[in-house]
Amino acid sequence: MKEILVRTISGVLYISIIIFAMFTSREWFMGLFFVLAVITLSEYLKLVHLTSYLAYFLLAAAFYFLSYDVFADNAVYLLLILSGFVNLFLLKDVLWTSKIPMFEKKKYITVVFYIISGFVFLTLIPIMDIDGPFKPELIVAVFILVWSNDTFAFLVGKNLGRHKLLERISPKKTIEGFVGGMIGAVMAGFVIFKVLENFIPMDAERYPLWIWVSLAILISIFGTIGDLIQSKFKRQAGVKDSGIIMPGHGGLYDRLDSIIYASPFIYAFLLIVDNVS
């Protein structure tokens, strides 16, 4: 009971800070997520046994030149393509290799095109029109889909889970939990659309119901993959959690692993939808 209480209080505080920063201003949003990115990067570097001040410089430069003040749209699109390839290679390593290679070059590739780019695209989502206004409701909706997927996956998996999803990497994950998480995310997508339809009709027209359902399914799939990838990193490092900053949850990397991996695919999906429509 005490562990559940600590976990709940920690989670509520974490969610409250994120939502507060999102709706305050773009500067507050960028500032908070830069701090989150620095802490997550620090946890990741420890996990893969890499000491690098260069990584923090690259993070700061990417945040400023590719997210806050984009110097070239094509640079963002190039980063998106490279990040997609690296993330898919990480998926391949999870499925078909017993151990993700951890030599120096691969470490820096994952630092740039997995961790850093994950945060860059996360902070680009609320400004899908790069020169357009900051739309916090879009990134809040994405986080709600992620949290809904995680919550329903946990509840369904714990109570109904019988068949393991990928036992050699994450023994607690089940197929039932994965399906439950996806259903929960789709339900949340339906609620989000109805809220937008009633309060922000322009956004509901731009992003109709089928987009939210598709986004929910995409987040459920890629978010789960991101969680499995992080689980494999931790298993190789021989640790239970990536950090201790969040009581009952572990580190920030533990909380953000799903969205970090999924964000380039979310951004690409919304980019395609905007361009096609």
# chains A, B, ... in the order shown; residues from 1 in each chain; ligands from 1
$ residues_around --residues "Asp150 of chain A" --least-positions-apart "4" --cutoff "10 Å" --atoms "only C-alpha atoms" --output "ChimeraX atom specification"
/A:144-146,154-155,177-178,180-182,184-185,220,223-224,227,255,258
$ write_last_selection --atoms "all heavy atoms" --output "compact mmCIF listing (two decimals), in the first residue's frame"
# COMPACT_ATOMS: atom_id res chain seq x y z
N ILE A 144 -1.53 12.30 -23.14
CA ILE A 144 -2.69 11.59 -22.60
C ILE A 144 -2.82 10.22 -23.26
O ILE A 144 -3.13 9.21 -22.59
CB ILE A 144 -3.98 12.42 -22.81
CG1 ILE A 144 -3.97 13.63 -21.87
CG2 ILE A 144 -5.22 11.57 -22.56
CD1 ILE A 144 -5.10 14.61 -22.11
N LEU A 145 -2.57 10.15 -24.56
CA LEU A 145 -2.61 8.85 -25.25
C LEU A 145 -1.54 7.91 -24.71
O LEU A 145 -1.79 6.72 -24.50
CB LEU A 145 -2.41 9.06 -26.76
CG LEU A 145 -3.54 9.78 -27.51
CD1 LEU A 145 -3.15 9.98 -28.97
CD2 LEU A 145 -4.84 9.01 -27.41
N VAL A 146 -0.34 8.45 -24.47
CA VAL A 146 0.76 7.64 -23.92
C VAL A 146 0.41 7.14 -22.52
O VAL A 146 0.56 5.95 -22.21
CB VAL A 146 2.07 8.44 -23.88
CG1 VAL A 146 3.16 7.67 -23.14
CG2 VAL A 146 2.54 8.77 -25.30
N PHE A 154 -0.89 -1.70 -17.93
CA PHE A 154 -0.51 -2.17 -16.60
C PHE A 154 -1.68 -2.87 -15.91
O PHE A 154 -1.54 -3.97 -15.38
CB PHE A 154 -0.04 -0.98 -15.75
CG PHE A 154 0.21 -1.32 -14.31
CD1 PHE A 154 1.34 -2.00 -13.93
CD2 PHE A 154 -0.72 -0.96 -13.33
CE1 PHE A 154 1.57 -2.34 -12.59
CE2 PHE A 154 -0.50 -1.28 -12.00
CZ PHE A 154 0.64 -1.97 -11.62
N LEU A 155 -2.87 -2.24 -15.95
CA LEU A 155 -4.03 -2.79 -15.25
C LEU A 155 -4.50 -4.10 -15.87
O LEU A 155 -4.75 -5.09 -15.15
CB LEU A 155 -5.18 -1.77 -15.25
CG LEU A 155 -4.94 -0.49 -14.43
CD1 LEU A 155 -6.09 0.48 -14.63
CD2 LEU A 155 -4.76 -0.82 -12.95
N GLY A 177 -1.95 -7.36 -21.90
CA GLY A 177 -1.66 -6.00 -21.47
C GLY A 177 -1.44 -5.06 -22.64
O GLY A 177 -1.92 -3.92 -22.65
N PHE A 178 -0.75 -5.56 -23.67
CA PHE A 178 -0.53 -4.76 -24.88
C PHE A 178 -1.85 -4.40 -25.55
O PHE A 178 -2.09 -3.25 -25.91
CB PHE A 178 0.38 -5.52 -25.84
CG PHE A 178 0.49 -4.90 -27.21
CD1 PHE A 178 1.20 -3.72 -27.38
CD2 PHE A 178 -0.12 -5.48 -28.31
CE1 PHE A 178 1.30 -3.13 -28.64
CE2 PHE A 178 -0.04 -4.90 -29.56
CZ PHE A 178 0.68 -3.72 -29.72
N GLY A 180 -4.82 -4.41 -24.15
CA GLY A 180 -5.56 -3.54 -23.24
C GLY A 180 -5.07 -2.10 -23.32
O GLY A 180 -5.88 -1.16 -23.29
N GLY A 181 -3.76 -1.93 -23.42
CA GLY A 181 -3.19 -0.59 -23.55
C GLY A 181 -3.65 0.08 -24.83
O GLY A 181 -3.98 1.28 -24.84
N MET A 182 -3.68 -0.67 -25.92
CA MET A 182 -4.12 -0.11 -27.20
C MET A 182 -5.59 0.30 -27.14
O MET A 182 -5.96 1.39 -27.62
CB MET A 182 -3.90 -1.12 -28.33
CG MET A 182 -4.26 -0.59 -29.71
SD MET A 182 -3.92 -1.78 -31.04
CE MET A 182 -2.13 -1.83 -31.02
N GLY A 184 -7.25 1.13 -24.46
CA GLY A 184 -7.31 2.31 -23.60
C GLY A 184 -6.89 3.57 -24.34
O GLY A 184 -7.52 4.64 -24.18
N ALA A 185 -5.84 3.48 -25.16
CA ALA A 185 -5.38 4.63 -25.94
C ALA A 185 -6.41 5.05 -26.97
O ALA A 185 -6.65 6.25 -27.18
CB ALA A 185 -4.05 4.31 -26.62
N SER A 220 0.60 3.24 -29.19
CA SER A 220 0.59 1.98 -28.47
C SER A 220 1.68 1.04 -28.98
O SER A 220 2.41 0.42 -28.19
CB SER A 220 -0.78 1.32 -28.61
OG SER A 220 -0.82 0.10 -27.91
N GLY A 223 5.27 2.99 -28.63
CA GLY A 223 5.55 3.20 -27.22
C GLY A 223 5.96 1.91 -26.54
O GLY A 223 6.89 1.88 -25.72
N THR A 224 5.28 0.81 -26.88
CA THR A 224 5.64 -0.50 -26.32
C THR A 224 7.03 -0.93 -26.77
O THR A 224 7.82 -1.46 -25.98
CB THR A 224 4.60 -1.56 -26.75
OG1 THR A 224 3.30 -1.16 -26.27
CG2 THR A 224 4.95 -2.92 -26.17
N ASP A 227 9.58 0.92 -24.78
CA ASP A 227 9.70 0.36 -23.43
C ASP A 227 10.53 -0.92 -23.45
O ASP A 227 11.35 -1.16 -22.56
CB ASP A 227 8.29 0.08 -22.89
CG ASP A 227 8.29 -0.12 -21.39
OD1 ASP A 227 9.11 0.50 -20.70
OD2 ASP A 227 7.48 -0.94 -20.91
N ARG A 255 10.29 6.72 -17.21
CA ARG A 255 8.97 7.29 -17.46
C ARG A 255 8.81 7.76 -18.90
O ARG A 255 7.69 7.80 -19.43
CB ARG A 255 8.72 8.49 -16.53
CG ARG A 255 8.71 8.19 -15.06
CD ARG A 255 7.81 7.03 -14.69
NE ARG A 255 6.49 7.12 -15.29
CZ ARG A 255 5.76 6.10 -15.67
NH1 ARG A 255 6.22 4.86 -15.55
NH2 ARG A 255 4.56 6.28 -16.18
N SER A 258 8.90 5.42 -23.60
CA SER A 258 7.91 5.20 -24.65
C SER A 258 7.80 6.38 -25.60
O SER A 258 7.87 6.23 -26.82
CB SER A 258 6.53 4.93 -24.02
OG SER A 258 6.55 3.79 -23.21
$ residues_around --residues "Leu47 of chain A" --least-positions-apart "4" --cutoff "9 Å" --atoms "only C-alpha atoms" --output "list in words"
Ser42, Glu43, Phe233, Lys234, Gln236, Ala237, Val239 and Ser242 of chain A
$ atom_distance --atom1 "atom CA of Arg206 of chain A" --atom2 "atom CA of Leu138 of chain A"
11.4 Å
$ atom_distance --atom1 "atom CA of Tyr56 of chain A" --atom2 "atom CA of Tyr253 of chain A"
15.7 Å
$ residues_around --residues "Phe33 of chain A" --least-positions-apart "6" --cutoff "10 Å" --atoms "only C-alpha atoms" --output "count of residues only"
10
$ closest_residue --among "A:Thr8, A:Thr24, A:Ser117, A:Thr110" --to "Ala60 of chain A" --atoms "only C-alpha atoms"
A:Ser117
$ residues_around --residues "Phe265 of chain A" --least-positions-apart "4" --cutoff "8 Å" --atoms "only C-alpha atoms" --output "mmCIF file with N, CA and C atoms, in the first residue's frame"
data_model
loop_
_atom_site.group_PDB
_atom_site.id
_atom_site.type_symbol
_atom_site.label_atom_id
_atom_site.label_comp_id
_atom_site.auth_asym_id
_atom_site.auth_seq_id
_atom_site.Cartn_x
_atom_site.Cartn_y
_atom_site.Cartn_z
ATOM 1 N N GLY A 84 14.475 7.739 -37.703
ATOM 2 C CA GLY A 84 13.612 6.607 -38.021
ATOM 3 C C GLY A 84 14.414 5.347 -38.297
ATOM 4 N N LEU A 218 -0.699 3.913 -33.216
ATOM 5 C CA LEU A 218 0.726 4.136 -33.469
ATOM 6 C C LEU A 218 1.488 4.299 -32.155
ATOM 7 N N PHE A 222 4.525 1.787 -31.018
ATOM 8 C CA PHE A 222 5.894 2.290 -30.894
ATOM 9 C C PHE A 222 6.260 2.604 -29.451
ATOM 10 N N PHE A 269 3.968 11.077 -38.711
ATOM 11 C CA PHE A 269 2.558 10.817 -39.010
ATOM 12 C C PHE A 269 1.773 12.120 -39.136
#
$ atom_distance --atom1 "atom CA of Ile244 of chain A" --atom2 "atom CA of Val111 of chain A"
20.7 Å
$ select_by_dssp --residues "segment 117-170 of chain A" --states "strand (DSSP E)" --output "list of chain:residue names"
A:Lys164, A:Leu165, A:Leu166, A:Ser170
$ write_last_selection --atoms "all heavy atoms" --output "mmCIF file, in the first residue's frame"
data_model
loop_
_atom_site.group_PDB
_atom_site.id
_atom_site.type_symbol
_atom_site.label_atom_id
_atom_site.label_comp_id
_atom_site.auth_asym_id
_atom_site.auth_seq_id
_atom_site.Cartn_x
_atom_site.Cartn_y
_atom_site.Cartn_z
ATOM 1 N N LYS A 164 2.915 -14.185 -22.409
ATOM 2 C CA LYS A 164 4.032 -13.234 -22.400
ATOM 3 C C LYS A 164 4.235 -12.619 -23.782
ATOM 4 O O LYS A 164 4.123 -13.292 -24.801
ATOM 5 C CB LYS A 164 5.317 -13.936 -21.961
ATOM 6 C CG LYS A 164 5.240 -14.560 -20.564
ATOM 7 C CD LYS A 164 4.961 -13.520 -19.493
ATOM 8 C CE LYS A 164 4.922 -14.151 -18.105
ATOM 9 N NZ LYS A 164 4.594 -13.155 -17.060
ATOM 10 N N LEU A 165 4.567 -11.329 -23.775
ATOM 11 C CA LEU A 165 4.801 -10.613 -25.027
ATOM 12 C C LEU A 165 6.213 -10.861 -25.549
ATOM 13 O O LEU A 165 6.398 -11.247 -26.701
ATOM 14 C CB LEU A 165 4.574 -9.108 -24.817
ATOM 15 C CG LEU A 165 4.719 -8.220 -26.056
ATOM 16 C CD1 LEU A 165 3.657 -8.566 -27.099
ATOM 17 C CD2 LEU A 165 4.610 -6.740 -25.665
ATOM 18 N N LEU A 166 7.215 -10.638 -24.720
ATOM 19 C CA LEU A 166 8.614 -10.892 -25.076
ATOM 20 C C LEU A 166 9.357 -11.183 -23.771
ATOM 21 O O LEU A 166 10.067 -10.330 -23.241
ATOM 22 C CB LEU A 166 9.208 -9.684 -25.808
ATOM 23 C CG LEU A 166 10.356 -9.956 -26.775
ATOM 24 C CD1 LEU A 166 9.931 -10.918 -27.887
ATOM 25 C CD2 LEU A 166 10.873 -8.667 -27.399
ATOM 26 N N SER A 170 11.329 -8.572 -21.201
ATOM 27 C CA SER A 170 10.478 -7.977 -20.165
ATOM 28 C C SER A 170 9.462 -9.022 -19.692
ATOM 29 O O SER A 170 8.375 -9.137 -20.270
ATOM 30 C CB SER A 170 9.760 -6.740 -20.723
ATOM 31 O OG SER A 170 9.044 -6.074 -19.716
#
$ closest_residue --among "A:Gln230, A:Ser263, A:Ser16, A:Asn275" --to "Thr40 of chain A" --atoms "only C-alpha atoms"
A:Gln230
$ select_by_dssp --residues "segment 56-113 of chain A" --states "alpha helix (DSSP H)" --output "MDAnalysis selection string"
chainID A and resid 56:63 73:96 104:110
$ write_last_selection --atoms "C-alpha atoms" --output "short mmCIF file (atom, residue, chain, number, x, y, z; two decimals), in the first residue's frame"
data_model
loop_
_atom_site.label_atom_id
_atom_site.label_comp_id
_atom_site.auth_asym_id
_atom_site.auth_seq_id
_atom_site.Cartn_x
_atom_site.Cartn_y
_atom_site.Cartn_z
CA TYR A 56 25.22 17.63 -23.54
CA PHE A 57 26.53 20.20 -26.01
CA LEU A 58 24.84 18.33 -28.88
CA LEU A 59 21.60 18.23 -26.89
CA ALA A 60 21.67 22.00 -26.28
CA ALA A 61 22.53 22.74 -29.91
CA ALA A 62 19.78 20.43 -31.21
CA PHE A 63 17.20 21.98 -28.89
CA ASP A 73 13.29 22.80 -42.33
CA ASN A 74 15.36 20.34 -44.36
CA ALA A 75 17.65 19.76 -41.37
CA VAL A 76 14.62 18.67 -39.33
CA TYR A 77 13.47 16.33 -42.11
CA LEU A 78 16.97 14.83 -42.42
CA LEU A 79 17.09 14.25 -38.66
CA LEU A 80 13.65 12.65 -38.88
CA ILE A 81 14.76 10.18 -41.58
CA LEU A 82 17.99 9.25 -39.76
CA SER A 83 16.19 8.89 -36.43
CA GLY A 84 13.61 6.61 -38.02
CA PHE A 85 16.33 4.34 -39.39
CA VAL A 86 18.24 4.20 -36.08
CA ASN A 87 15.06 3.44 -34.13
CA LEU A 88 14.15 0.65 -36.53
CA PHE A 89 17.66 -0.79 -36.16
CA LEU A 90 17.18 -0.71 -32.37
CA LEU A 91 13.96 -2.68 -32.90
CA LYS A 92 15.90 -5.19 -34.98
CA ASP A 93 18.47 -5.52 -32.18
CA VAL A 94 15.68 -6.16 -29.66
CA LEU A 95 14.03 -8.86 -31.76
CA TRP A 96 16.95 -10.69 -33.33
CA GLU A 104 31.62 3.59 -28.84
CA LYS A 105 30.28 4.52 -32.29
CA LYS A 106 26.94 2.89 -31.63
CA LYS A 107 26.69 4.69 -28.30
CA TYR A 108 27.03 8.09 -29.94
CA ILE A 109 24.62 7.15 -32.74
CA THR A 110 21.94 6.21 -30.20
#
$ closest_residue --among "A:Gly226, A:Ser214, A:Thr151, A:Glu176" --to "Gly11 of chain A" --atoms "only C-alpha atoms"
A:Thr151
$ closest_residue --among "A:Val38, A:Ile225, A:Arg26, A:Ile260" --to "Pro133 of chain A" --atoms "only C-alpha atoms"
A:Arg26
$ decode --residues "segment 180-206 of chain A" --atoms "N, CA and C atoms" --output "CSV table (one decimal), in the first residue's frame"
chain,number,residue,atom,x,y,z
A,180,GLY,N,-4.8,-4.4,-24.1
A,180,GLY,CA,-5.6,-3.5,-23.2
A,180,GLY,C,-5.1,-2.1,-23.3
A,181,GLY,N,-3.8,-1.9,-23.4
A,181,GLY,CA,-3.2,-0.6,-23.6
A,181,GLY,C,-3.6,0.1,-24.8
A,182,MET,N,-3.7,-0.7,-25.9
A,182,MET,CA,-4.1,-0.1,-27.2
A,182,MET,C,-5.6,0.3,-27.1
A,183,ILE,N,-6.4,-0.5,-26.5
A,183,ILE,CA,-7.8,-0.2,-26.4
A,183,ILE,C,-8.0,1.1,-25.6
A,184,GLY,N,-7.2,1.1,-24.5
A,184,GLY,CA,-7.3,2.3,-23.6
A,184,GLY,C,-6.9,3.6,-24.3
A,185,ALA,N,-5.8,3.5,-25.2
A,185,ALA,CA,-5.4,4.6,-25.9
A,185,ALA,C,-6.4,5.1,-27.0
A,186,VAL,N,-7.0,4.1,-27.6
A,186,VAL,CA,-8.1,4.4,-28.6
A,186,VAL,C,-9.3,5.1,-28.0
A,187,MET,N,-9.7,4.6,-26.8
A,187,MET,CA,-10.8,5.2,-26.0
A,187,MET,C,-10.4,6.7,-25.7
A,188,ALA,N,-9.1,6.9,-25.3
A,188,ALA,CA,-8.7,8.2,-24.9
A,188,ALA,C,-8.7,9.1,-26.2
A,189,GLY,N,-8.3,8.5,-27.3
A,189,GLY,CA,-8.3,9.3,-28.6
A,189,GLY,C,-9.7,9.8,-28.9
A,190,PHE,N,-10.7,8.9,-28.7
A,190,PHE,CA,-12.1,9.3,-28.9
A,190,PHE,C,-12.6,10.4,-28.0
A,191,VAL,N,-12.2,10.4,-26.7
A,191,VAL,CA,-12.5,11.4,-25.8
A,191,VAL,C,-11.8,12.7,-26.2
A,192,ILE,N,-10.6,12.6,-26.6
A,192,ILE,CA,-9.8,13.8,-27.0
A,192,ILE,C,-10.5,14.5,-28.2
A,193,PHE,N,-10.9,13.7,-29.2
A,193,PHE,CA,-11.6,14.3,-30.3
A,193,PHE,C,-12.9,15.0,-29.9
A,194,LYS,N,-13.7,14.4,-29.0
A,194,LYS,CA,-14.9,14.9,-28.6
A,194,LYS,C,-14.7,16.3,-27.8
A,195,VAL,N,-13.6,16.3,-27.0
A,195,VAL,CA,-13.3,17.5,-26.3
A,195,VAL,C,-12.9,18.6,-27.3
A,196,LEU,N,-12.1,18.3,-28.3
A,196,LEU,CA,-11.7,19.3,-29.3
A,196,LEU,C,-13.0,19.7,-30.1
A,197,GLU,N,-13.8,18.8,-30.4
A,197,GLU,CA,-15.0,19.1,-31.2
A,197,GLU,C,-15.9,20.1,-30.5
A,198,ASN,N,-16.0,20.0,-29.1
A,198,ASN,CA,-16.8,20.9,-28.3
A,198,ASN,C,-16.1,22.3,-28.0
A,199,PHE,N,-14.8,22.2,-27.8
A,199,PHE,CA,-14.1,23.4,-27.3
A,199,PHE,C,-13.2,24.1,-28.3
A,200,ILE,N,-12.6,23.3,-29.2
A,200,ILE,CA,-11.6,23.8,-30.2
A,200,ILE,C,-12.0,23.2,-31.5
A,201,PRO,N,-13.1,23.6,-32.1
A,201,PRO,CA,-13.6,23.0,-33.4
A,201,PRO,C,-12.6,23.1,-34.5
A,202,MET,N,-11.8,24.1,-34.6
A,202,MET,CA,-10.8,24.2,-35.7
A,202,MET,C,-9.8,23.0,-35.6
A,203,ASP,N,-9.4,22.7,-34.4
A,203,ASP,CA,-8.5,21.5,-34.3
A,203,ASP,C,-9.2,20.2,-34.6
A,204,ALA,N,-10.5,20.1,-34.2
A,204,ALA,CA,-11.3,18.9,-34.5
A,204,ALA,C,-11.4,18.7,-36.0
A,205,GLU,N,-11.6,19.8,-36.7
A,205,GLU,CA,-11.7,19.8,-38.2
A,205,GLU,C,-10.3,19.4,-38.8
A,206,ARG,N,-9.3,19.9,-38.2
A,206,ARG,CA,-7.9,19.6,-38.8
A,206,ARG,C,-7.5,18.2,-38.5
